[in-house]
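In what follows, a single structure is set out as structure tokens and then discussed.
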4 protein chains.
Amino acid sequence: MVIVMQHGASAKQIADVVAHVETHGLRVNIVRGEERTIIGVIGDDRPIDGSLFEQLDGVEKTVPILRPFKLASREMHPLDTLVPLDGMKVGASKIAIIAGPCSVESREQLLETAFAVKEAGAVALRGGAFKPRSSPYSFQGLGEKGLELLAEAREATWLPVVTEAMSPEQVLLVARYADVIQIGARNMQNYALLNCVGESGRTVLLKRGLMATIEELLMSAEYILAQGNGRIILCERGIRTFEKYTRNTTDINAIPVLKQMTHLPVILDPSHGTGKWEYVTAVARAGIAAGADGLIIEVHPHPEEALSDGGQSLRPEKFAEMVRQVQSIAEAVGRS
Amino acid sequence: MVIVMQHGASAKQIADVVAHVETHGLRVNIVRGEERTIIGVIGDDRPIDGSLFEQLDGVEKTVPILRPFKLASREMHPLDTLVPLDGMKVGASKIAIIAGPCSVESREQLLETAFAVKEAGAVALRGGAFKPRSSPYSFQGLGEKGLELLAEAREATWLPVVTEAMSPEQVLLVARYADVIQIGARNMQNYALLNCVGESGRTVLLKRGLMATIEELLMSAEYILAQGNGRIILCERGIRTFEKYTRNTTDINAIPVLKQMTHLPVILDPSHGTGKWEYVTAVARAGIAAGADGLIIEVHPHPEEALSDGGQSLRPEKFAEMVRQVQSIAEAVGRS
Amino acid sequence: MVIVMQHGASAKQIADVVAHVETHGLRVNIVRGEERTIIGVIGDDRPIDGSLFEQLDGVEKTVPILRPFKLASREMHPLDTLVPLDGMKVGASKIAIIAGPCSVESREQLLETAFAVKEAGAVALRGGAFKPRSSPYSFQGLGEKGLELLAEAREATWLPVVTEAMSPEQVLLVARYADVIQIGARNMQNYALLNCVGESGRTVLLKRGLMATIEELLMSAEYILAQGNGRIILCERGIRTFEKYTRNTTDINAIPVLKQMTHLPVILDPSHGTGKWEYVTAVARAGIAAGADGLIIEVHPHPEEALSDGGQSLRPEKFAEMVRQVQSIAEAVGRS
Amino acid sequence: MVIVMQHGASAKQIADVVAHVETHGLRVNIVRGEERTIIGVIGDDRPIDGSLFEQLDGVEKTVPILRPFKLASREMHPLDTLVPLDGMKVGASKIAIIAGPCSVESREQLLETAFAVKEAGAVALRGGAFKPRSSPYSFQGLGEKGLELLAEAREATWLPVVTEAMSPEQVLLVARYADVIQIGARNMQNYALLNCVGESGRTVLLKRGLMATIEELLMSAEYILAQGNGRIILCERGIRTFEKYTRNTTDINAIPVLKQMTHLPVILDPSHGTGKWEYVTAVARAGIAAGADGLIIEVHPHPEEALSDGGQSLRPEKFAEMVRQVQSIAEAVGRS
């Protein structure tokens, strides 16, 4: 970190700051500018809350220099991590398309969707059994019954299953049924849950919170990595902004930024990123063009009857068309 | 809700939408404008995800009309809810000031702070035993040891204790030691946790998420109320915006808005709302002037040595000065 | 618009609102729901500030139904508008790539860039002579001298020229030298300027403000259209959000949304959208994949010496590589 | 500024960066950390676009250290600037309340309002003759006729007049009639206009843009100061965020932040800050409690008939009540 002293800070104030830094076992290098003196802190200052130096007399502000994550960074791990998903590897040349309904609603709905998305080219089935809903009056998911239906769909279609766990006590249960445990956007900073899926060793699909920075997403991945679990797929799913015409704003910049900063694979969720089915295909194409390793898409056989996210779900035939268009883009960027 | 048809929607498209609405047991009233036909839906449509109608041909968009919460609203409960906190009632005329360190760090630190804030006029002691930190490398709190120290501080000072639970399995443990269970900003939409504190019957301090709308805050309160627990204190603590000079942006508008929309008491956290100790007092005054029922303030005897939030903690003497200034404001708005 | 009455609004309050609506020459249709009565307003209420009804007793809120723009909408003009740019038509099958330096700095810099971008495939030259800078101490552009250099570059390369006018009195001057007048993001709601370029009849490149909604962008286009000038190219250039790792957040959703809502052509500026040269190519690909009609790119022969926007400018050889990649994407979406 | 090198940057890369910095007449101090080398730049680097160094091999990022404004800063000018407004001084102990209609609509409306706000305690009259409206179909103001009515109201009430100029060519005209020229939020970065009001020497009320940072507001003040005009009143009027229940989010933090960073007086506009009349009084109280030097308030005798901003205008009797409440707060903070 760099500690910026106020204009006119005294020699004693500077000395006090230096002494304070040294109590943390760190060293300093003082840069005396024309208008400001800055104190460069030498050593790993990540565990320290730098803002405490702002309490010392003569300090204007502190500026972090080191990125706060390590295990998730390319510096520590320059090569791409490939996360196995059934036969394929997410992060390798082939684009991974995960698809299925927002919520598991019934055997018929789930199986119909599962067969349709497999036929169209999906490599995994998504579907929520436990649903985080902003209203207690909304459909909350089928719970374990939904997990059983997902297992049945896997047996029928051989598609691996991605589904969400919302609390630590659900992790073991979900892990019994699912190939990939999803951490939803609202839980990106639920650290008890992150520690728990870290310990589970199961592959994790970690969605960016709707108002989380890219750095915070990587810090949440760091929690899982710190438990020894490196099977993490990151997912950009749109952030909350002032623009209200779409439900969220897909942060397309995040795709190349994440690919540069981390070795973990990155996929895009254009269903939540836009919130409206008519824009899903265009933004799915954009995601792959920007370098995403895959997509996760909400598909429902009868979206006008869906119990959740009806407005952003694709019908199976639209999904099949989306896959075709995405394939063209994948080839244009040298992938398949 | 109102369903807005596209310009030129056909009679058949309108009839199809009406038929679809009626399958949900709701009725309609059609308003034919000069450019658009809109379909007013009659009945309680809260449990339905309105966006599903956007899948039907000829529909442009849907617009919700009813507010999605009920139990938290003034309509259902016009009188102010007063939440007992030891001898006093939060929401009544007297301003409730809760204060203490961000994290419980040691017996000395906690007791010194507790006596100081009591002396200055605080009515409850805050302090974190379980700390949600964005980095796995940061201090994560003392855990149960911290709870024990809080209990000791309560015995020594007779101040009721406010502390955070981060996951459902911590709720019972925290409830053994704390008078008020805090739900932190990152957990405002952790529904498993909300249900759990709802069931606990213990008083809840519910902080607004840094990415949550006022309506979503009230929906999260609704989860707790739906479990039969009405002892809820809402807390505005700043939202995330583009402005980076302060850590968050205190949403002062939220104070009068919440006081109008809900019967629950509302307090302000200017420590997180600003993130810098030098602005805490000014924004604390503003909160009380705007109509807040109380404040929650981070105080540390030696903020330059704090293990968390050092930059936004007040020293005890600054806190005492803040209380004096807040008292003047309280009197100016007819409170004490 | 729809006027939503408060729960329990009286018959007299409803009658008063109706009477008030009728003084504006509009009619109503009353929808009596179980919890709320809503009043549907019939007629073109665009010129009225609907919020005034919120002053009447018993009114909870007003909700607009009609989109506020007309001439810019697809409803009024279903076919794509093609804007001529020298030999080509922006909005037609061929992707329009506009490129050049942020600021015109010297004859050498401009000509070197102009020849390089032409060689790589650009169809127009951009370059700022008048520069809006947040600091009065930053380079403010060469002014008319810069316009003369742009004219010289056009003669040398036959590339049409795009350059910004910052105030009404600059419009005539800029129009003497430029083929396309750019309205920068900071001036998107400078209505005096919009009226002036509307009257000029010259082609306008209208950039979305960094704080403007999609709807507000179209309202600004409506100002120009209302002056009889339909030669407008819209440009998404990133919006301001809480994410600070990139300079702005490219709103990729805006591309398909705008293509659906308006007949005007839409291009993307990934240089400002990301603010870092290393992400420009990936986001340029994404823009074309999402359906943009073109790109505007900052190119500088020696970005490490640029007087403005050095960090986001591509070197000519990187730009040429970007064009190749964009061509592959264009073909994948059936364009050239 | 500080230039942060990538992990593992070579000695040659560091030397190249140093050489490049020195071509700008600046010096360096190199700080070699355990993970990163950083290069402290010594000298006034404000005129340089620091991002250009990000083009050099081995550079990770650049971090500005100096604040980009000078004349507006407390460092250059530690004492409060007091801006004369008729008999009083804005920035001194007495709170300045400016009030009046959003738009000048008629002689009757203006005079009725002017007398009412004077009687209630306002020290200046606001009213728009030129109105920036997002829609070309909305009322655009009475123009010069409105200025004449304002002059008439001043003669009748002896209240000084505050009104907006939207473009450079309006400045001379507005200056003939107005005591204070308002720069509206949409024009905060209209640099041609800022230069023009700077040259005019007339007192300027500079409103913060709805998505402008505090620093950008001060940079815009710097434009005016750089023309030799120090009679500037800054105005916080709410920023655009994701919260949509209110029209804007009043950034109450900005009040103490600005009072600390600059010597210029700061007022609050709670009418735009909230956008709803029922919250104006509470937020006005908050502004004064936070340390604002004044308020600007929209008042209309018949807001349900207003041609603009009807929903956020106070009736005269509500305004008088607001003034009484604000007076109590002013006394509580030692002002009048």
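So you can find residues: chains in the structure tokens are A, B, ... in the order shown, residues in each start at 1, and ligands are numbered from 1 in order.
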For segment 282-299 of chain B: contacts at 8 Å, only C-alpha atoms, fewer than 5 positions along chain excluded, given as a ChimeraX atom specification: /B:90-102,113,117,126,252,255-256,259,265-271,274,312-316,319,322,325-326,329-330,333 /D:252-253,256,282-283,285-291,329
Skip Thr249 of chain C itself and residues of its chain fewer than 2 positions away, then list as a PyMOL selection string all residues within 12 Å of it, counting only C-alpha atoms. (chain A and resi 213-214+238-243+249-255+257) or (chain B and resi 242) or (chain C and resi 210-211+236-247+251-254+269-276+279+283)
Once you count only C-alpha atoms, what closest atom pair and distance in Å to one decimal does each residue of chain C within 6 Å of chain D have, with rows by chain and rising residue number, as JSON lines?
{"residue": "C:Pro47", "atom": "CA", "partner": "D:Ser138", "partner_atom": "CA", "distance": 4.9}
{"residue": "C:Asp49", "atom": "CA", "partner": "D:Ser308", "partner_atom": "CA", "distance": 5.9}
{"residue": "C:Ser51", "atom": "CA", "partner": "D:Gly311", "partner_atom": "CA", "distance": 4.4}
{"residue": "C:Leu52", "atom": "CA", "partner": "D:Gly310", "partner_atom": "CA", "distance": 4.1}
{"residue": "C:Phe53", "atom": "CA", "partner": "D:Glu304", "partner_atom": "CA", "distance": 5.9}
{"residue": "C:Glu54", "atom": "CA", "partner": "D:Gly311", "partner_atom": "CA", "distance": 5.6}
{"residue": "C:Gln55", "atom": "CA", "partner": "D:Glu304", "partner_atom": "CA", "distance": 5.6}
{"residue": "C:Ser135", "atom": "CA", "partner": "D:Met219", "partner_atom": "CA", "distance": 5.8}
{"residue": "C:Pro136", "atom": "CA", "partner": "D:Tyr223", "partner_atom": "CA", "distance": 5.6}
{"residue": "C:Tyr137", "atom": "CA", "partner": "D:Pro47", "partner_atom": "CA", "distance": 5.4}
{"residue": "C:Ser138", "atom": "CA", "partner": "D:Pro47", "partner_atom": "CA", "distance": 4.9}
{"residue": "C:Met211", "atom": "CA", "partner": "D:Met211", "partner_atom": "CA", "distance": 5.6}
{"residue": "C:Met219", "atom": "CA", "partner": "D:Ser135", "partner_atom": "CA", "distance": 5.8}
{"residue": "C:Tyr223", "atom": "CA", "partner": "D:Pro136", "partner_atom": "CA", "distance": 5.6}
{"residue": "C:Glu304", "atom": "CA", "partner": "D:Leu52", "partner_atom": "CA", "distance": 4.6}
{"residue": "C:Ser308", "atom": "CA", "partner": "D:Asp49", "partner_atom": "CA", "distance": 5.9}
{"residue": "C:Gly310", "atom": "CA", "partner": "D:Leu52", "partner_atom": "CA", "distance": 4.1}
{"residue": "C:Gly311", "atom": "CA", "partner": "D:Ser51", "partner_atom": "CA", "distance": 4.4}
I need the residues from that last selection saved to file as a short mmCIF file (atom, residue, chain, number, x, y, z; two decimals), in the first residue's frame (with all heavy atoms), if you can.
data_model
loop_
_atom_site.label_atom_id
_atom_site.label_comp_id
_atom_site.auth_asym_id
_atom_site.auth_seq_id
_atom_site.Cartn_x
_atom_site.Cartn_y
_atom_site.Cartn_z
N PRO C 47 -46.82 15.34 -23.38
CA PRO C 47 -46.35 16.70 -23.02
C PRO C 47 -46.58 17.06 -21.55
O PRO C 47 -46.09 18.09 -21.10
CB PRO C 47 -47.21 17.62 -23.93
CG PRO C 47 -47.72 16.73 -25.02
CD PRO C 47 -47.89 15.37 -24.39
N ASP C 49 -46.22 16.70 -17.48
CA ASP C 49 -45.38 16.15 -16.41
C ASP C 49 -46.31 15.40 -15.45
O ASP C 49 -46.98 16.00 -14.62
CB ASP C 49 -44.68 17.31 -15.69
CG ASP C 49 -43.97 16.87 -14.42
OD1 ASP C 49 -43.80 15.65 -14.24
OD2 ASP C 49 -43.61 17.74 -13.63
N SER C 51 -46.02 13.82 -12.89
CA SER C 51 -45.83 13.86 -11.44
C SER C 51 -46.75 14.86 -10.77
O SER C 51 -46.97 14.80 -9.57
CB SER C 51 -44.37 14.19 -11.10
OG SER C 51 -44.10 15.56 -11.26
N LEU C 52 -47.33 15.80 -11.53
CA LEU C 52 -48.20 16.78 -10.88
C LEU C 52 -49.41 16.14 -10.25
O LEU C 52 -49.96 16.64 -9.26
CB LEU C 52 -48.56 17.93 -11.83
CG LEU C 52 -49.15 17.61 -13.20
CD1 LEU C 52 -50.62 17.30 -13.12
CD2 LEU C 52 -48.96 18.85 -14.09
N PHE C 53 -49.85 14.99 -10.80
CA PHE C 53 -51.02 14.33 -10.21
C PHE C 53 -50.67 13.77 -8.82
O PHE C 53 -51.56 13.49 -8.02
CB PHE C 53 -51.53 13.21 -11.11
CG PHE C 53 -52.03 13.72 -12.44
CD1 PHE C 53 -51.36 13.41 -13.61
CD2 PHE C 53 -53.16 14.54 -12.50
CE1 PHE C 53 -51.81 13.90 -14.83
CE2 PHE C 53 -53.61 15.03 -13.73
CZ PHE C 53 -52.93 14.71 -14.90
N GLU C 54 -49.38 13.59 -8.56
CA GLU C 54 -48.98 13.07 -7.24
C GLU C 54 -49.21 14.10 -6.13
O GLU C 54 -49.07 13.79 -4.96
CB GLU C 54 -47.51 12.61 -7.29
CG GLU C 54 -47.34 11.43 -8.24
CD GLU C 54 -45.91 11.03 -8.50
OE1 GLU C 54 -45.00 11.55 -7.82
OE2 GLU C 54 -45.70 10.20 -9.41
N GLN C 55 -49.57 15.31 -6.51
CA GLN C 55 -49.89 16.35 -5.53
C GLN C 55 -51.35 16.24 -5.06
O GLN C 55 -51.74 16.89 -4.09
CB GLN C 55 -49.66 17.73 -6.14
CG GLN C 55 -48.20 18.05 -6.40
CD GLN C 55 -47.50 18.62 -5.18
OE1 GLN C 55 -48.10 18.82 -4.12
NE2 GLN C 55 -46.20 18.83 -5.29
N SER C 135 -10.43 18.58 -16.70
CA SER C 135 -9.52 19.54 -16.06
C SER C 135 -9.19 20.70 -16.99
O SER C 135 -8.86 20.49 -18.16
CB SER C 135 -8.22 18.83 -15.68
OG SER C 135 -7.25 19.79 -15.34
N PRO C 136 -9.24 21.93 -16.47
CA PRO C 136 -8.83 23.06 -17.31
C PRO C 136 -7.33 23.05 -17.60
O PRO C 136 -6.86 23.81 -18.44
CB PRO C 136 -9.21 24.28 -16.46
CG PRO C 136 -9.27 23.79 -15.05
CD PRO C 136 -9.69 22.34 -15.13
N TYR C 137 -6.58 22.21 -16.88
CA TYR C 137 -5.13 22.15 -17.09
C TYR C 137 -4.73 21.12 -18.14
O TYR C 137 -3.57 20.99 -18.47
CB TYR C 137 -4.43 21.84 -15.76
CG TYR C 137 -4.91 22.76 -14.66
CD1 TYR C 137 -5.48 22.26 -13.50
CD2 TYR C 137 -4.82 24.15 -14.81
CE1 TYR C 137 -5.94 23.12 -12.51
CE2 TYR C 137 -5.29 25.01 -13.84
CZ TYR C 137 -5.86 24.50 -12.68
OH TYR C 137 -6.34 25.33 -11.72
N SER C 138 -5.69 20.34 -18.65
CA SER C 138 -5.37 19.33 -19.66
C SER C 138 -5.40 19.97 -21.06
O SER C 138 -6.01 21.02 -21.27
CB SER C 138 -6.40 18.19 -19.61
OG SER C 138 -6.40 17.57 -18.35
N MET C 211 -24.18 8.85 -18.05
CA MET C 211 -25.19 8.71 -17.01
C MET C 211 -26.58 8.65 -17.61
O MET C 211 -27.56 8.83 -16.89
CB MET C 211 -25.10 9.89 -16.06
CG MET C 211 -25.62 11.20 -16.63
SD MET C 211 -24.77 11.87 -18.13
CE MET C 211 -25.59 13.45 -18.28
N MET C 219 -34.44 10.16 -26.57
CA MET C 219 -35.06 11.48 -26.46
C MET C 219 -34.14 12.54 -27.05
O MET C 219 -34.60 13.51 -27.65
CB MET C 219 -35.35 11.82 -25.00
CG MET C 219 -36.42 10.97 -24.36
SD MET C 219 -37.94 10.94 -25.30
CE MET C 219 -38.43 12.64 -25.08
N TYR C 223 -34.77 15.18 -30.32
CA TYR C 223 -34.52 16.61 -30.50
C TYR C 223 -33.98 16.90 -31.90
O TYR C 223 -34.40 17.84 -32.57
CB TYR C 223 -33.51 17.13 -29.47
CG TYR C 223 -34.12 17.77 -28.24
CD1 TYR C 223 -34.41 17.02 -27.12
CD2 TYR C 223 -34.42 19.14 -28.20
CE1 TYR C 223 -34.96 17.59 -25.98
CE2 TYR C 223 -34.97 19.73 -27.07
CZ TYR C 223 -35.24 18.96 -25.96
OH TYR C 223 -35.80 19.54 -24.85
N GLU C 304 1.94 5.97 -26.06
CA GLU C 304 2.64 6.36 -24.85
C GLU C 304 3.05 7.83 -24.88
O GLU C 304 3.57 8.34 -23.90
CB GLU C 304 3.86 5.44 -24.63
CG GLU C 304 5.02 5.65 -25.58
CD GLU C 304 4.81 5.05 -26.96
OE1 GLU C 304 3.70 4.54 -27.24
OE2 GLU C 304 5.76 5.09 -27.77
N SER C 308 -3.98 12.78 -24.95
CA SER C 308 -5.21 12.40 -24.27
C SER C 308 -5.52 10.95 -24.58
O SER C 308 -5.19 10.45 -25.65
CB SER C 308 -6.38 13.30 -24.69
OG SER C 308 -6.60 13.23 -26.08
N GLY C 310 -4.29 8.17 -23.81
CA GLY C 310 -3.20 7.27 -24.20
C GLY C 310 -3.47 5.83 -23.80
O GLY C 310 -3.17 4.90 -24.56
N GLY C 311 -4.03 5.65 -22.64
CA GLY C 311 -4.21 4.29 -22.13
C GLY C 311 -5.20 3.44 -22.87
O GLY C 311 -5.18 2.21 -22.76
#
When you look at Val180 of chain A with a cut-off of 7 Å (counting only C-alpha atoms), what residues show up, excluding the ones that are within fewer than 2 positions of it in the same chain? I need them as number ranges by chain. A: 161-163, 178, 182, 202-205
Pull N, CA and C atoms from the residues just selected and write them as a PDB file, in the first residue's frame.
ATOM      1  N   VAL A 161     -25.530 -32.319 -13.812  1.00  0.00           N
ATOM      2  CA  VAL A 161     -26.537 -31.420 -13.258  1.00  0.00           C
ATOM      3  C   VAL A 161     -25.878 -30.289 -12.460  1.00  0.00           C
ATOM      4  N   VAL A 162     -26.367 -29.061 -12.693  1.00  0.00           N
ATOM      5  CA  VAL A 162     -25.924 -27.858 -11.965  1.00  0.00           C
ATOM      6  C   VAL A 162     -27.114 -27.337 -11.172  1.00  0.00           C
ATOM      7  N   THR A 163     -26.964 -27.225  -9.863  1.00  0.00           N
ATOM      8  CA  THR A 163     -28.077 -26.690  -9.072  1.00  0.00           C
ATOM      9  C   THR A 163     -27.544 -25.973  -7.847  1.00  0.00           C
ATOM     10  N   ALA A 178     -25.996 -33.377  -7.136  1.00  0.00           N
ATOM     11  CA  ALA A 178     -25.534 -32.490  -8.218  1.00  0.00           C
ATOM     12  C   ALA A 178     -24.080 -32.740  -8.581  1.00  0.00           C
ATOM     13  N   GLN A 182     -24.088 -24.659  -7.539  1.00  0.00           N
ATOM     14  CA  GLN A 182     -24.110 -23.232  -7.890  1.00  0.00           C
ATOM     15  C   GLN A 182     -24.207 -22.382  -6.635  1.00  0.00           C
ATOM     16  N   ARG A 202     -16.505 -30.426  -4.282  1.00  0.00           N
ATOM     17  CA  ARG A 202     -17.335 -30.519  -5.495  1.00  0.00           C
ATOM     18  C   ARG A 202     -17.116 -29.288  -6.390  1.00  0.00           C
ATOM     19  N   THR A 203     -17.280 -29.455  -7.705  1.00  0.00           N
ATOM     20  CA  THR A 203     -17.156 -28.320  -8.619  1.00  0.00           C
ATOM     21  C   THR A 203     -18.180 -27.245  -8.258  1.00  0.00           C
ATOM     22  N   VAL A 204     -17.725 -25.987  -8.305  1.00  0.00           N
ATOM     23  CA  VAL A 204     -18.571 -24.865  -7.908  1.00  0.00           C
ATOM     24  C   VAL A 204     -18.749 -23.915  -9.088  1.00  0.00           C
ATOM     25  N   LEU A 205     -20.003 -23.518  -9.333  1.00  0.00           N
ATOM     26  CA  LEU A 205     -20.278 -22.451 -10.290  1.00  0.00           C
ATOM     27  C   LEU A 205     -20.584 -21.222  -9.453  1.00  0.00           C
TER      28      LEU A 205
END
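The space separating atom CA of Gly146 of chain A from atom CA of Val104 of chain A comes to 5.8 Å.
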When you draw a straight line from atom CA of Glu60 of chain B to atom CA of Met5 of chain C, how long is it in Å?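 Separating atom CA of Glu60 of chain B from atom CA of Met5 of chain C is a distance of 23.6 Å.
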Show which residues sit within 10 Å of Leu26 of chain A, as a ChimeraX atom specification. Count only C-alpha atoms, and ignore same-chain residues fewer than 3 positions away. /A:18-23,41-45
Output the selection as a PDB file, in the first residue's frame - C-alpha atoms for each residue.
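Generated file (selection-v8.pdb):
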ATOM      1  CA  VAL A  18       6.574   4.955   9.721  1.00  0.00           C
ATOM      2  CA  ALA A  19       6.815   3.692  13.287  1.00  0.00           C
ATOM      3  CA  HIS A  20       3.232   2.504  13.119  1.00  0.00           C
ATOM      4  CA  VAL A  21       3.819   0.640   9.857  1.00  0.00           C
ATOM      5  CA  GLU A  22       6.861  -1.042  11.363  1.00  0.00           C
ATOM      6  CA  THR A  23       4.817  -2.411  14.299  1.00  0.00           C
ATOM      7  CA  VAL A  41       4.847   0.108   2.394  1.00  0.00           C
ATOM      8  CA  ILE A  42       7.081  -2.883   1.655  1.00  0.00           C
ATOM      9  CA  GLY A  43       5.922  -6.402   2.463  1.00  0.00           C
ATOM     10  CA  ASP A  44       2.625  -8.330   2.252  1.00  0.00           C
ATOM     11  CA  ASP A  45       0.129  -5.882   3.732  1.00  0.00           C
TER      12      ASP A  45
END
Within 9 Å of segment 150-157 of chain D using only C-alpha atoms, minus same-chain residues under 6 positions, as JSON, numbers by chain: {"D": [104, 107, 110, 111, 114, 115, 118, 125, 126, 127, 129, 163, 177, 178]}
Return as a ChimeraX atom specification the full set of residues in segment 6-202 of chain A whose backbone-based DSSP assignment is strand (DSSP E). /A:27-32,37-42,59-63,83-85,88-90,96-100,124-126,161-164,180-183
Write down as a PyMOL selection string the residues of segment 191-312 of chain C whose backbone DSSP state falls under alpha helix (DSSP H). chain C and resi 191-200+214-226+254-261+270-274+277-290
Once you have the residues from the selection above, write them out as a compact mmCIF listing (two decimals), in the first residue's frame, restricted to C-alpha atoms.
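Contents of out_22.txt, freshly written:
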# COMPACT_ATOMS: atom_id res chain seq x y z
CA TYR C 191 -30.28 20.82 -25.91
CA ALA C 192 -29.09 24.06 -27.48
CA LEU C 193 -26.39 22.04 -29.21
CA LEU C 194 -28.82 19.30 -30.28
CA ASN C 195 -31.16 21.84 -31.82
CA CYS C 196 -28.24 23.40 -33.64
CA VAL C 197 -26.91 20.19 -35.19
CA GLY C 198 -30.50 19.28 -35.99
CA GLU C 199 -30.83 22.49 -38.02
CA SER C 200 -27.43 21.99 -39.66
CA ILE C 214 -31.33 4.24 -23.28
CA GLU C 215 -34.61 6.14 -23.28
CA GLU C 216 -32.85 9.44 -22.67
CA LEU C 217 -30.48 8.73 -25.58
CA LEU C 218 -33.49 8.27 -27.83
CA MET C 219 -35.06 11.48 -26.46
CA SER C 220 -31.90 13.35 -27.43
CA ALA C 221 -32.11 11.84 -30.91
CA GLU C 222 -35.72 13.01 -30.94
CA TYR C 223 -34.52 16.61 -30.50
CA ILE C 224 -32.43 16.28 -33.67
CA LEU C 225 -35.18 14.47 -35.57
CA ALA C 226 -37.68 17.14 -34.53
CA ALA C 254 -28.02 -1.60 -25.25
CA ILE C 255 -27.09 -2.89 -28.71
CA PRO C 256 -30.00 -5.33 -29.19
CA VAL C 257 -32.32 -3.08 -27.19
CA LEU C 258 -31.63 -0.08 -29.42
CA LYS C 259 -31.86 -2.16 -32.60
CA GLN C 260 -35.34 -3.21 -31.45
CA MET C 261 -36.58 0.18 -30.27
CA PRO C 270 -15.11 -0.04 -27.05
CA SER C 271 -12.22 2.37 -26.47
CA HIS C 272 -14.26 4.46 -24.04
CA GLY C 273 -16.41 1.48 -23.08
CA THR C 274 -13.40 -0.21 -21.50
CA TRP C 277 -6.39 -0.82 -24.78
CA GLU C 278 -5.96 -4.49 -23.89
CA TYR C 279 -9.72 -5.08 -23.72
CA VAL C 280 -10.73 -3.07 -26.79
CA THR C 281 -10.47 -5.91 -29.31
CA ALA C 282 -12.51 -8.39 -27.26
CA VAL C 283 -15.29 -5.88 -26.68
CA ALA C 284 -15.21 -4.76 -30.32
CA ARG C 285 -15.85 -8.39 -31.31
CA ALA C 286 -18.67 -8.56 -28.76
CA GLY C 287 -20.30 -5.44 -30.13
CA ILE C 288 -20.46 -6.77 -33.66
CA ALA C 289 -21.67 -10.14 -32.39
CA ALA C 290 -24.45 -8.37 -30.52
If we count only C-alpha atoms, what is near Ser10 of chain A at a cut-off of 12 Å, once residues fewer than 2 positions away on the same chain are taken out, given as a short mmCIF file (atom, residue, chain, number, x, y, z; two decimals) with C-alpha atoms, in the first residue's frame?
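The result, written out as part-v5.cif:
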data_model
loop_
_atom_site.label_atom_id
_atom_site.label_comp_id
_atom_site.auth_asym_id
_atom_site.auth_seq_id
_atom_site.Cartn_x
_atom_site.Cartn_y
_atom_site.Cartn_z
CA MET A 5 0.44 12.32 3.68
CA GLN A 6 -1.43 15.61 3.76
CA HIS A 7 0.12 18.69 2.19
CA GLY A 8 2.44 20.11 4.84
CA LYS A 12 7.15 14.03 13.23
CA GLN A 13 3.86 12.96 11.65
CA ILE A 14 5.77 11.08 8.95
CA ALA A 15 7.98 9.44 11.55
CA ASP A 16 4.92 8.38 13.56
CA VAL A 17 3.35 6.77 10.53
CA ARG A 32 9.07 13.16 -0.99
CA ARG A 36 2.91 15.49 -1.03
CA THR A 37 5.07 12.96 0.74
CA ASP A 57 -2.28 12.71 12.22
CA GLY A 58 -1.15 14.05 8.89
CA VAL A 59 -2.42 11.14 6.78
#
How many Å lie between atom CA of Gly128 of chain D and atom CA of Gly141 of chain D, rounded to one decimal?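 If I compute the distance from atom CA of Gly128 of chain D to atom CA of Gly141 of chain D, I get 6.8 Å.
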